[in-house]
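A.B. asks: Could you have a look at this structure, given as structure tokens, before my questions?
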Amino acid sequence: MAKGKTEARAWVDENYEDLRNVAREIWERPEVELEEEFASGLQANVLERAGFDVTRGLAGLPTAFVAEAGSGEPTIGILGEYDALPGLSQKVRAEEEPLEEGGAGHGCGHNLLGTAGVGAAIAVKRVLDAGTGSGTVRYYGCPAEETLLGKVLLAKDGAFDDLDAALTWHPMNTNAPWMAESLAMNSVQFNFEGTSAHASAAPERGRSALDAVELMNTGANYLREHVPDPVRLHYSIVERGGKPNIVPKEAAVWYYVRAPSRQRVESVTERLEKVAEGAATMTETTVETEYRAGCYDTLPNGVLGSTILENMQEIGEVGFSEEEYELARGLRRTVDDVEEAMSRQGVPDDIIETELHGTPVDEIYDEGEQFPASTDVGDVSWNVPLGQFTAAAWPIGVSAHSWQSTAASGSEIGYKAMRFASKVLASTAIDLFRDETILENATREFEAASEGSDYTSPLPEDFVSPT
């Protein structure tokens, strides 16, 4: 074991209650994307008190910040998140019962995700301060992951340009390196404008924006037949017009376009724009295309994945108690089709049969698999070598963006997974500081995988941040 890892893991254990309190406070005060003033402020203050130099308001985002300690090379980044989801308020119990009716909740466990990174960054700083290795450690406080915007804007602003590697994790069902590839995505809203008129007395004078939206959606549904199978199109009508006796002057529809590669997303988006233009032509309305977000697919790194797995196996058991297993059993009973859902993610059968995954996996099981969701972590992975893993913050079968995951993320299940993740992040970072061969090999793999595909921001040049 590289010198310093024992000390870093011990620091996480000794300060577990403090880290747990940070994660609990963020869970108790959930804030949706770009409103994470409490969470970002709390984490920035903790790091500042630990001796980090903190820069707030990164990329023009008030709730984004970076905290840095150490000096020289290499520079290793740890990515954190803290935004919650609307409508997922939930008590820590195995029956659906919101803390606040209609309120937000940490159904993706970002209260744990960011706090584990904070703990890891401080533990690494202490090791560097003791002279065990040299270099610079950074913690990135990244807002708005749920709208796939925060890290994309940070990347566009060059925040990751001088990193040598980045590390992150996500609450999930297993303790494993995350080697599956996520989907690239465009978030695009089509705003139609027509002419209002009395729908009965003078319908011939009206040009319905709502008709245009409906025709566009019909065209998009025909388009589905002529795109490759991994491509996904989802939409929601966000402006619908007013009373039925008035021809709707304005209407809008919001689309997500997902595909395994950035190039495929862009080509399908171009076709979808033509569908929108066709709908506008048929209804004699106009359409404005509004890009709301966009991100890349993830580029896994096998060298970093293997290093993460070695550290997981060294750390061993997460340490769940019987009380936590009981809560896990209760939450699992509320979920249908557990085996089918877990099998689709490639989770081994012996793990699916348990209520809670308390040990690391024996080997990487999802390499080459397609994860059917998107994350702005993908944009970081096309800038620098990225190491990413999951930790068992939720029972087997519980999915992200559910009341069950909110409950688990505010329980001892989530907090202990956070502690485990913090140790893995710190240990892997220390390996990169102390063994230049690992970083050289990870960089070589990254350069080979990304050759000919230099990162270009998926956002238009004139994109305006919603802050």
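By order of appearance in the structure tokens: chains A, B, ..., then residues from 1 within every chain, and ligands from 1 in the order shown.
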What's the 9 Å shell around A:Glu355, counting only C-alpha atoms, without same-chain residues fewer than 4 positions away, as a ChimeraX atom specification?
C.D. replies: /A:325-326,328-329,332,351,395-397
A.B. asks: If you run DSSP on the backbone here, which positions in stretch 96-338 of chain A get alpha helix (DSSP H)? Please write them as a count of residues only.
C.D. replies: 90
A.B. asks: Taking only C-alpha atoms into account, name the residue in A:Thr63, A:Thr406, A:Thr6, A:Ser236 that is nearest to A:His106.
C.D. replies: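 Closest to A:His106 of all the choices is A:Thr406.
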A.B. asks: Pick out the closest residue to A:Asn217 from this set: A:Leu183, A:Val268, A:Ala276, A:Val118. Count only C-alpha atoms.
C.D. replies: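 Selected residue with least distance to A:Asn217: A:Ala276.
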A.B. asks: Would you mind telling me which residue in A:Ser182, A:Thr174, A:Thr285, A:Ser134 lies nearest to A:Gly368 when using only C-alpha atoms?
C.D. replies: A:Ser182
A.B. asks: Fewer than 5 positions away in the same chain doesn't count, so skip those; otherwise give me all residues within 8 Å of A:Ala2, counting only C-alpha atoms, as a PyMOL selection string.
C.D. replies: chain A and resi 430-431+434
A.B. asks: Kindly indicate which residue among A:Lys91, A:Tyr291, A:Glu31, A:Phe65 lies nearest to A:Asp462, using only C-alpha atoms for the distances.
C.D. replies: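 Ranking A:Lys91, A:Tyr291, A:Glu31, A:Phe65 by distance to A:Asp462, first place goes to A:Tyr291.
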A.B. asks: Which stretch 314-355 of chain A residues have any atom within 12 Å of an atom of stretch 9-27 of chain A, and for each, what is the nearest pair of atoms with distance in Å to one decimal, counting only C-alpha atoms, rows sorted by chain and number, as CSV?
C.D. replies:
```
residue,atom,partner,partner_atom,distance
A:Glu314,CA,A:Arg9,CA,10.9
A:Ile315,CA,A:Arg9,CA,8.5
A:Gly316,CA,A:Arg9,CA,11.9
A:Val318,CA,A:Asp13,CA,11.7
A:Gly319,CA,A:Asp13,CA,11.9
```
A.B. asks: Those same residues - N, CA and C atoms - I'd like them written as an mmCIF file, in the first residue's frame.
C.D. replies:
```cif
data_model
loop_
_atom_site.group_PDB
_atom_site.id
_atom_site.type_symbol
_atom_site.label_atom_id
_atom_site.label_comp_id
_atom_site.auth_asym_id
_atom_site.auth_seq_id
_atom_site.Cartn_x
_atom_site.Cartn_y
_atom_site.Cartn_z
ATOM 1 N N GLU A 314 -8.836 -3.176 -1.104
ATOM 2 C CA GLU A 314 -8.007 -2.961 0.079
ATOM 3 C C GLU A 314 -8.852 -2.462 1.253
ATOM 4 N N ILE A 315 -9.783 -1.561 0.968
ATOM 5 C CA ILE A 315 -10.627 -0.977 2.022
ATOM 6 C C ILE A 315 -11.602 -2.013 2.555
ATOM 7 N N GLY A 316 -12.190 -2.800 1.661
ATOM 8 C CA GLY A 316 -13.045 -3.909 2.075
ATOM 9 C C GLY A 316 -14.463 -3.521 2.402
ATOM 10 N N VAL A 318 -18.007 -2.149 3.612
ATOM 11 C CA VAL A 318 -18.563 -0.839 3.913
ATOM 12 C C VAL A 318 -18.927 -0.749 5.388
ATOM 13 N N GLY A 319 -19.447 -1.857 5.942
ATOM 14 C CA GLY A 319 -19.744 -1.902 7.374
ATOM 15 C C GLY A 319 -21.185 -1.606 7.722
#
```
A.B. asks: Extract, using only C-alpha atoms, all DNA, RNA and protein residues at most 7 Å from A:Ser196, discarding same-chain residues fewer than 2 positions from it, and format them as a PyMOL selection string.
C.D. replies: chain A and resi 194+206-207+246-249
A.B. asks: Residues within 12 Å of A:Gly72, please, as a list in words. Count only C-alpha atoms; anything in the same chain fewer than 4 positions from it doesn't count.
C.D. replies: Glu68, Ile76, Leu128, Gly133, Ser134, Gly135, Thr136, Val137, Asp162, Leu163, Asp164 and Phe433 of chain A
A.B. asks: Under the rule that only C-alpha atoms are counted, which of A:Pro360, A:Pro300, A:Gly87, A:Gly77 is the nearest residue to A:Ser381?
C.D. replies: A:Pro300
A.B. asks: Skip A:Ala279 itself and residues of its chain fewer than 3 positions away, then list as a PyMOL selection string all residues within 12 Å of it, counting only C-alpha atoms.
C.D. replies: chain A and resi 190-194+207-220+272-276+282-287
A.B. asks: Can you write out the residues you just picked, keeping C-alpha atoms, as a compact mmCIF listing (two decimals), in the first residue's frame?
C.D. replies:
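So result.txt came out as:
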```
# COMPACT_ATOMS: atom_id res chain seq x y z
CA PHE A 190 -38.75 24.63 -29.75
CA ASN A 191 -40.75 27.83 -29.30
CA PHE A 192 -43.55 28.31 -31.84
CA GLU A 193 -45.35 31.58 -32.45
CA GLY A 194 -48.51 32.05 -34.50
CA ARG A 207 -52.36 30.39 -36.98
CA SER A 208 -52.07 27.94 -34.11
CA ALA A 209 -48.70 27.50 -32.38
CA LEU A 210 -50.19 24.54 -30.55
CA ASP A 211 -51.03 22.88 -33.87
CA ALA A 212 -47.38 23.29 -34.79
CA VAL A 213 -46.25 21.62 -31.56
CA GLU A 214 -48.61 18.71 -32.12
CA LEU A 215 -47.48 18.28 -35.72
CA MET A 216 -43.85 18.43 -34.65
CA ASN A 217 -44.40 15.70 -32.07
CA THR A 218 -46.14 13.56 -34.69
CA GLY A 219 -43.18 14.05 -37.03
CA ALA A 220 -40.72 13.23 -34.25
CA LEU A 272 -35.36 17.09 -35.42
CA GLU A 273 -34.85 20.77 -36.27
CA LYS A 274 -36.05 20.02 -39.81
CA VAL A 275 -39.17 18.40 -38.35
CA ALA A 276 -39.79 21.60 -36.35
CA MET A 282 -47.48 23.59 -42.41
CA THR A 283 -49.11 25.86 -39.84
CA GLU A 284 -47.72 29.18 -41.13
CA THR A 285 -46.13 29.84 -37.76
CA THR A 286 -42.51 30.58 -36.84
CA VAL A 287 -40.19 28.51 -34.67
```
